[in-house]
file start-v7.txt (compact mmCIF, C-alpha atoms)
# COMPACT_ATOMS: atom_id res chain seq x y z
CA MET A 70 94.55 67.78 95.92
CA GLN A 71 90.79 68.16 96.01
CA GLU A 72 90.88 69.38 99.61
CA ARG A 73 93.53 71.95 98.73
CA GLU A 74 91.40 73.25 95.88
CA GLN A 75 88.48 73.54 98.30
CA ILE A 76 90.70 75.53 100.66
CA ILE A 77 91.76 78.05 98.03
CA HIS A 78 88.16 78.40 96.81
CA ALA A 79 87.01 79.02 100.38
CA LEU A 80 89.77 81.59 100.84
CA LEU A 81 88.67 83.44 97.70
CA ASP A 82 85.04 83.32 98.83
CA PHE A 83 86.03 84.73 102.21
CA GLY A 84 88.23 87.43 100.67
CA GLU A 85 85.52 88.53 98.24
CA GLU A 86 82.89 88.78 100.96
CA PHE A 87 85.30 90.56 103.28
CA LEU A 88 86.25 93.08 100.59
CA ILE A 89 82.74 93.98 99.45
CA SER A 90 81.59 94.28 103.07
CA GLY A 91 83.90 97.27 103.47
CA ALA A 92 87.23 95.91 104.73
CA GLU A 93 90.35 97.80 103.68
CA ILE A 94 92.81 96.11 101.32
CA SER A 95 95.59 95.51 103.86
CA ARG A 96 93.12 93.91 106.25
CA VAL A 97 91.80 91.56 103.55
CA GLU A 98 95.31 90.48 102.60
CA ASP A 99 96.45 89.99 106.19
CA THR A 100 93.35 88.01 107.19
CA MET A 101 93.57 85.75 104.14
CA ASN A 102 97.26 85.12 104.88
CA ARG A 103 96.46 84.15 108.46
CA ILE A 104 93.61 81.82 107.48
CA GLY A 105 95.77 80.14 104.82
CA MET A 106 98.54 79.50 107.35
CA ALA A 107 95.98 78.09 109.78
CA PHE A 108 94.88 75.68 107.03
CA GLY A 109 98.45 74.35 106.93
CA ALA A 110 100.09 76.40 104.19
CA GLN A 111 103.83 76.94 104.41
CA LYS A 112 103.73 80.25 102.56
CA MET A 113 100.96 82.58 101.43
CA ASN A 114 101.01 85.25 98.74
CA VAL A 115 97.86 87.34 98.48
CA PHE A 116 97.37 90.35 96.21
CA VAL A 117 94.13 92.31 96.44
CA ILE A 118 92.80 95.36 94.64
CA THR A 119 89.24 96.63 94.53
CA SER A 120 88.34 94.45 91.53
CA HIS A 121 90.66 91.46 91.77
CA ILE A 122 92.06 88.90 94.23
CA ILE A 123 95.09 86.70 93.46
CA VAL A 124 96.07 83.94 95.90
CA THR A 125 99.06 81.60 95.79
CA ILE A 126 99.33 78.89 98.45
CA SER A 127 102.59 76.97 98.92
CA TRP A 128 102.32 73.70 100.85
CA PRO A 129 105.01 71.96 102.97
CA ASP A 130 105.49 69.25 100.31
CA GLY A 131 106.49 71.85 97.71
CA ALA A 132 103.19 71.95 95.82
CA SER A 133 101.65 75.32 94.99
CA LEU A 134 98.20 76.49 93.91
CA THR A 135 97.33 79.85 92.36
CA GLU A 136 93.86 81.18 91.61
CA THR A 137 92.35 84.56 90.80
CA ARG A 138 88.91 85.99 91.45
CA ARG A 139 87.37 88.90 89.52
CA ILE A 140 85.25 91.03 91.88
CA ARG A 141 82.23 92.45 90.08
CA ARG A 142 80.04 93.24 93.09
CA ASP A 143 79.93 96.76 94.50
CA THR A 144 81.05 97.48 98.04
CA ASP A 145 78.01 97.77 100.30
CA ASN A 146 79.76 98.60 103.63
CA ASP A 147 77.84 96.02 105.64
CA PHE A 148 79.44 96.36 109.06
CA VAL A 149 77.35 93.59 110.61
CA LYS A 150 78.66 91.13 108.04
CA LEU A 151 82.16 92.58 108.40
CA GLU A 152 82.11 91.91 112.14
CA GLU A 153 80.88 88.35 111.62
CA LEU A 154 83.60 87.63 109.05
CA ASN A 155 86.24 89.05 111.34
CA ALA A 156 84.97 86.88 114.20
CA LEU A 157 85.05 83.79 111.96
CA SER A 158 88.67 84.44 110.99
CA ARG A 159 89.71 84.92 114.62
CA ARG A 160 87.96 81.75 115.78
CA PHE A 161 89.45 79.72 112.95
CA CYS A 162 93.01 80.98 113.47
CA ALA A 163 92.76 80.34 117.22
CA SER A 164 91.36 76.82 116.79
CA PRO A 165 91.24 75.55 113.17
CA PHE A 166 88.35 73.35 112.10
CA SER A 167 87.56 71.44 108.90
CA ILE A 168 87.18 73.08 105.51
CA HIS A 169 83.61 71.77 105.42
CA GLU A 170 82.70 73.54 108.66
CA PHE A 171 84.51 76.68 107.53
CA GLY A 172 82.46 76.70 104.33
CA GLN A 173 79.21 76.20 106.23
CA ARG A 174 79.94 79.09 108.59
CA LEU A 175 80.96 81.30 105.69
CA SER A 176 77.76 80.45 103.80
CA ARG A 177 75.70 81.38 106.85
CA ILE A 178 77.44 84.75 107.09
CA ARG A 179 77.00 85.40 103.36
CA GLY A 180 73.28 84.94 103.86
CA ILE A 181 73.10 87.73 106.42
CA HIS A 182 71.34 90.82 105.09
CA SER A 183 70.47 94.04 106.84
CA SER A 184 66.80 94.50 107.64
CA ARG A 185 65.07 96.80 105.16
CA ARG A 186 63.28 98.42 108.06
CA ASP A 187 66.58 99.27 109.74
CA VAL A 188 68.07 100.65 106.51
CA LEU A 189 64.95 102.73 105.89
CA PHE A 190 64.99 104.07 109.44
CA GLY A 191 68.68 104.94 109.14
CA SER A 192 68.15 106.73 105.82
CA VAL A 193 65.30 108.83 107.20
CA LEU A 194 67.26 109.61 110.37
CA VAL A 195 70.35 110.71 108.43
CA ALA A 196 68.42 112.98 106.07
CA PHE A 197 66.31 114.43 108.90
CA SER A 198 69.35 115.08 111.12
CA PHE A 199 71.56 116.67 108.47
CA ALA A 200 68.77 118.95 107.29
CA LEU A 201 68.48 120.25 110.85
CA PHE A 202 72.22 120.36 111.39
CA PHE A 203 72.81 122.60 108.38
CA GLY A 204 70.24 125.16 109.45
CA GLY A 205 66.90 123.81 108.27
CA ASN A 206 63.74 123.88 110.35
CA ILE A 207 61.52 120.98 111.35
CA ALA A 208 59.48 121.25 108.15
CA ASP A 209 62.66 121.01 106.07
CA ALA A 210 63.83 118.01 108.08
CA VAL A 211 60.48 116.22 107.65
CA ALA A 212 60.60 116.89 103.91
CA ALA A 213 64.15 115.56 103.74
CA GLY A 214 63.03 112.42 105.57
CA ALA A 215 60.17 111.95 103.09
CA VAL A 216 62.56 112.23 100.13
CA ALA A 217 64.88 109.78 101.91
CA VAL A 218 62.09 107.20 101.69
CA PHE A 219 62.03 107.77 97.92
CA ILE A 220 65.82 107.36 97.74
CA PHE A 221 65.57 104.14 99.74
CA TRP A 222 62.93 102.87 97.29
CA MET A 223 65.28 103.63 94.38
CA GLN A 224 68.18 101.86 96.12
CA THR A 225 65.99 98.81 96.67
CA TYR A 226 64.27 98.49 93.29
CA ILE A 227 66.10 100.70 90.76
CA GLN A 228 69.76 100.17 91.65
CA PRO A 229 69.74 96.40 90.87
CA ILE A 230 68.71 97.07 87.27
CA CYS A 231 71.16 99.93 86.63
CA LEU A 232 74.32 99.27 84.63
CA ASN A 233 76.61 100.45 87.43
CA THR A 234 76.76 102.55 90.59
CA ILE A 235 77.67 105.71 88.68
CA SER A 236 74.57 105.57 86.47
CA PHE A 237 72.39 104.90 89.51
CA THR A 238 73.92 107.76 91.50
CA CYS A 239 73.33 110.19 88.64
CA SER A 240 69.74 109.00 88.16
CA ALA A 241 68.94 109.00 91.88
CA SER A 242 70.41 112.49 92.31
CA PHE A 243 68.41 113.82 89.39
CA LEU A 244 65.09 112.30 90.48
CA SER A 245 65.47 113.25 94.15
CA GLY A 246 66.65 116.75 93.22
CA PHE A 247 63.66 117.25 90.93
CA LEU A 248 61.29 115.94 93.62
CA ILE A 249 62.75 118.36 96.15
CA SER A 250 62.38 121.24 93.68
CA LEU A 251 58.76 120.24 93.11
CA LEU A 252 58.10 120.11 96.86
CA THR A 253 59.57 123.57 97.42
CA PHE A 254 57.53 124.94 94.50
CA LEU A 255 54.28 123.53 95.94
CA LEU A 256 55.24 124.42 99.53
CA PRO A 257 57.09 127.76 99.39
CA PHE A 258 57.87 127.78 103.13
CA LEU A 259 60.34 124.91 102.57
CA HIS A 260 64.04 125.64 101.93
CA ARG A 261 65.36 123.69 98.95
CA ASP A 262 69.04 123.97 99.85
CA LYS A 263 68.54 122.55 103.37
CA ILE A 264 66.51 119.60 102.10
CA LEU A 265 69.05 118.93 99.34
CA ILE A 266 71.92 118.89 101.84
CA GLY A 267 70.10 116.39 104.05
CA ASP A 268 69.30 113.99 101.21
CA ILE A 269 72.59 114.32 99.35
CA MET A 270 74.30 112.82 102.39
CA LEU A 271 72.67 109.49 101.53
CA LEU A 272 74.51 109.43 98.20
CA VAL A 273 77.87 110.98 99.09
CA PRO A 274 80.68 108.34 98.87
CA GLY A 275 82.23 109.44 102.16
CA ILE A 276 83.44 106.03 103.35
CA MET A 277 84.97 105.38 99.93
CA PHE A 278 86.93 108.64 100.12
CA THR A 279 88.14 107.80 103.62
CA ASN A 280 89.23 104.27 102.70
CA ALA A 281 90.98 105.55 99.56
CA PHE A 282 93.21 107.95 101.52
CA ARG A 283 93.79 105.37 104.23
CA GLU A 284 94.96 102.77 101.70
CA VAL A 285 97.32 105.26 100.06
CA LEU A 286 98.83 106.08 103.48
CA LEU A 287 99.22 102.35 104.24
CA GLY A 288 101.09 101.78 100.99
CA ASP A 289 98.30 100.17 98.95
CA THR A 290 98.66 102.86 96.31
CA ILE A 291 96.96 101.06 93.42
CA SER A 292 93.83 100.24 95.41
CA GLY A 293 93.77 103.67 97.01
CA VAL A 294 93.96 105.45 93.67
CA LEU A 295 91.28 103.17 92.20
CA ARG A 296 88.93 103.85 95.12
CA LEU A 297 89.65 107.58 94.96
CA LEU A 298 88.90 107.67 91.24
CA GLU A 299 85.64 105.80 91.76
CA ALA A 300 84.66 108.15 94.59
CA VAL A 301 85.39 111.21 92.45
CA LEU A 302 83.32 109.79 89.59
CA LEU A 303 80.42 109.08 91.96
CA ALA A 304 80.62 112.59 93.39
CA ALA A 305 80.69 114.06 89.88
CA ALA A 306 77.69 111.94 88.85
CA MET A 307 75.80 113.09 91.93
CA ALA A 308 76.60 116.75 91.22
CA LEU A 309 75.60 116.35 87.58
CA GLY A 310 72.26 114.81 88.54
CA ILE A 311 71.48 117.56 91.05
CA MET A 312 72.47 120.32 88.60
CA ALA A 313 70.34 118.82 85.84
CA ALA A 314 67.35 118.55 88.20
CA MET A 315 67.68 122.17 89.33
CA TRP A 316 68.04 123.40 85.73
CA LEU A 317 64.96 121.48 84.61
CA ALA A 318 62.98 122.67 87.62
CA GLY A 319 64.00 126.22 86.82
CA GLN A 320 62.69 125.82 83.28
CA LEU A 321 59.39 124.28 84.37
CA PHE A 322 58.51 126.21 87.53
call {"tool": "encode", "arguments": {"input": "start-v7.txt", "output": "structure tokens"}}
result
Amino acid sequence: MQEREQIIHALLDFGEEFLISGAEISRVEDTMNRIGMAFGAQKMNVFVITSHIIVTISWPDGASLTETRRIRRDTDNDFVKLEELNALSRRFCASPFSIHEFGQRLSRIRGIHSSRRDVLFGSVLVAFSFALFFGGNIADAVAAGAVAVFIFWMQTYIQPICLNTISFTCSASFLSGFLISLLTFLLPFLHRDKILIGDIMLLVPGIMFTNAFREVLLGDTISGVLRLLEAVLLAAAMALGIMAAMWLAGQLF
């Protein structure tokens, strides 16, 4: 019985990490089903939404275990971790190993974190590129990259102390929008709209929108609608922050 409890706990740990790393709902459910069957289950029932996982395992002797897991962590779309988790599931299903080894490998993957240097470089590159793409000049792109460093700093040190992602998005949009307005006031040759477009791309919930529509099309309507609602709220918070920053800048400058 103790080993079976360890198995269901490991399954919930895997499912939670898989979900918050950016996997779609159907993929989380299918992978958890396959891992449970590889552990020796006779039947698996897995129900996943963006904030909850419910697992029921039925064993060949007729015994069943059911557990739920409340997901409170935000999705961070870590594709490196997602690839590692997917590789772990494939290796385990092809050649099952002990629950102890499975837990050790899962713990190692959970400890993987993207390099801050890589994230910073990516943020600057995205802001720089989009500012150019939407018609800005080199000066606008450099300014967008500089503001991207500020946004990265907020994501690293301010986001962990915010109540939720929506409050952080609104705050980050306001502060970055005000900083851009200040830069364009001090340096009139800069174009505020081009810099704003480049930096807004760092806060737009594009992947969330895409996954929401994909889940609805795959039949996971509840999760799709929940993701879509969250994406709309994030977009509204971002727009509100930018509008407030531009209004305040207009009053001050």
call {"tool": "atom_distance", "arguments": {"input": "start-v7.txt", "atom1": "CA of Trp128 in chain A", "atom2": "CA of Leu81 in chain A"}}
result
17.1 Å
call {"tool": "residues_around", "arguments": {"input": "start-v7.txt", "residues": "range 299-307 of chain A", "least_positions_apart": "6", "cutoff": "9 Å", "atoms": "only C-alpha atoms", "output": "number ranges by chain"}}
result
A: 234-243, 269, 272-275, 277-278, 281
call {"tool": "residues_around", "arguments": {"input": "start-v7.txt", "residues": "Cys162 in chain A", "least_positions_apart": "3", "cutoff": "9 Å", "atoms": "all atoms listed in the file", "output": "ChimeraX atom specification"}}
result
/A:103-104,106-108,157-159,165
call {"tool": "closest_residue", "arguments": {"input": "start-v7.txt", "among": "A:Gly91, A:Asp145, A:Leu309, A:Ala213", "to": "Leu259 in chain A", "atoms": "all atoms listed in the file"}}
result
A:Ala213
call {"tool": "atom_distance", "arguments": {"input": "start-v7.txt", "atom1": "CA of Phe87 in chain A", "atom2": "CA of Thr135 in chain A"}}
result
19.5 Å
call {"tool": "closest_residue", "arguments": {"input": "start-v7.txt", "among": "A:Phe83, A:Phe219, A:Phe148, A:Phe247", "to": "Phe322 in chain A", "atoms": "all atoms listed in the file"}}
result
A:Phe247
call {"tool": "closest_residue", "arguments": {"input": "start-v7.txt", "among": "A:Leu248, A:Val285, A:Ile168, A:Leu175", "to": "Ile94 in chain A", "atoms": "all atoms listed in the file"}}
result
A:Val285
call {"tool": "atom_distance", "arguments": {"input": "start-v7.txt", "atom1": "CA of Arg179 in chain A", "atom2": "CA of Gly191 in chain A"}}
result
22.0 Å
call {"tool": "build_atoms", "arguments": {"input": "start-v7.txt", "residues": "range 81-105 of chain A", "atoms": "N, CA, C and O atoms", "output": "compact mmCIF listing (two decimals), in the coordinates of the input"}}
result
# COMPACT_ATOMS: atom_id res chain seq x y z
N LEU A 81 89.13 82.41 98.64
CA LEU A 81 88.67 83.44 97.70
C LEU A 81 87.26 83.89 98.03
O LEU A 81 86.94 85.08 97.93
N ASP A 82 86.40 82.95 98.42
CA ASP A 82 85.04 83.32 98.83
C ASP A 82 85.07 84.25 100.03
O ASP A 82 84.35 85.26 100.09
N PHE A 83 85.91 83.89 101.00
CA PHE A 83 86.03 84.73 102.21
C PHE A 83 86.57 86.12 101.85
O PHE A 83 86.03 87.13 102.30
N GLY A 84 87.63 86.15 101.04
CA GLY A 84 88.23 87.43 100.67
C GLY A 84 87.27 88.32 99.91
O GLY A 84 87.21 89.53 100.16
N GLU A 85 86.50 87.74 98.99
CA GLU A 85 85.52 88.53 98.24
C GLU A 85 84.47 89.12 99.16
O GLU A 85 84.15 90.32 99.08
N GLU A 86 83.93 88.30 100.05
CA GLU A 86 82.89 88.78 100.96
C GLU A 86 83.44 89.83 101.92
O GLU A 86 82.77 90.82 102.23
N PHE A 87 84.66 89.62 102.37
CA PHE A 87 85.30 90.56 103.28
C PHE A 87 85.52 91.91 102.59
O PHE A 87 85.27 92.97 103.17
N LEU A 88 85.95 91.86 101.34
CA LEU A 88 86.25 93.08 100.59
C LEU A 88 85.00 93.89 100.31
O LEU A 88 84.96 95.11 100.53
N ILE A 89 83.95 93.24 99.82
CA ILE A 89 82.74 93.98 99.45
C ILE A 89 81.94 94.40 100.67
O ILE A 89 81.05 95.26 100.57
N SER A 90 82.26 93.85 101.85
CA SER A 90 81.59 94.28 103.07
C SER A 90 82.19 95.56 103.63
O SER A 90 81.65 96.12 104.58
N GLY A 91 83.32 95.99 103.05
CA GLY A 91 83.90 97.27 103.47
C GLY A 91 85.27 97.20 104.10
O GLY A 91 85.79 98.22 104.54
N ALA A 92 85.89 96.02 104.14
CA ALA A 92 87.23 95.91 104.73
C ALA A 92 88.27 96.58 103.84
O ALA A 92 88.17 96.54 102.62
N GLU A 93 89.28 97.19 104.46
CA GLU A 93 90.35 97.80 103.68
C GLU A 93 91.26 96.72 103.11
O GLU A 93 91.30 95.59 103.59
N ILE A 94 92.01 97.08 102.07
CA ILE A 94 92.81 96.11 101.32
C ILE A 94 93.82 95.40 102.21
O ILE A 94 93.94 94.16 102.17
N SER A 95 94.56 96.13 103.01
CA SER A 95 95.59 95.51 103.86
C SER A 95 94.98 94.52 104.83
O SER A 95 95.58 93.48 105.13
N ARG A 96 93.79 94.82 105.31
CA ARG A 96 93.12 93.91 106.25
C ARG A 96 92.68 92.64 105.55
O ARG A 96 92.79 91.54 106.11
N VAL A 97 92.19 92.75 104.32
CA VAL A 97 91.80 91.56 103.55
C VAL A 97 93.01 90.67 103.32
O VAL A 97 92.96 89.45 103.53
N GLU A 98 94.12 91.27 102.88
CA GLU A 98 95.31 90.48 102.60
C GLU A 98 95.84 89.80 103.86
O GLU A 98 96.18 88.61 103.85
N ASP A 99 95.92 90.54 104.95
CA ASP A 99 96.45 89.99 106.19
C ASP A 99 95.58 88.85 106.72
O ASP A 99 96.09 87.81 107.14
N THR A 100 94.27 89.04 106.68
CA THR A 100 93.35 88.01 107.19
C THR A 100 93.42 86.75 106.34
O THR A 100 93.44 85.63 106.86
N MET A 101 93.47 86.92 105.01
CA MET A 101 93.57 85.75 104.14
C MET A 101 94.89 85.01 104.36
O MET A 101 94.94 83.77 104.32
N ASN A 102 95.96 85.75 104.57
CA ASN A 102 97.26 85.12 104.88
C ASN A 102 97.17 84.29 106.15
O ASN A 102 97.65 83.14 106.20
N ARG A 103 96.56 84.84 107.18
CA ARG A 103 96.46 84.15 108.46
C ARG A 103 95.59 82.89 108.36
O ARG A 103 95.92 81.84 108.92
N ILE A 104 94.48 82.99 107.63
CA ILE A 104 93.61 81.82 107.48
C ILE A 104 94.32 80.73 106.68
O ILE A 104 94.24 79.54 107.01
N GLY A 105 95.04 81.14 105.62
CA GLY A 105 95.77 80.14 104.82
C GLY A 105 96.82 79.42 105.64
O GLY A 105 96.98 78.19 105.53
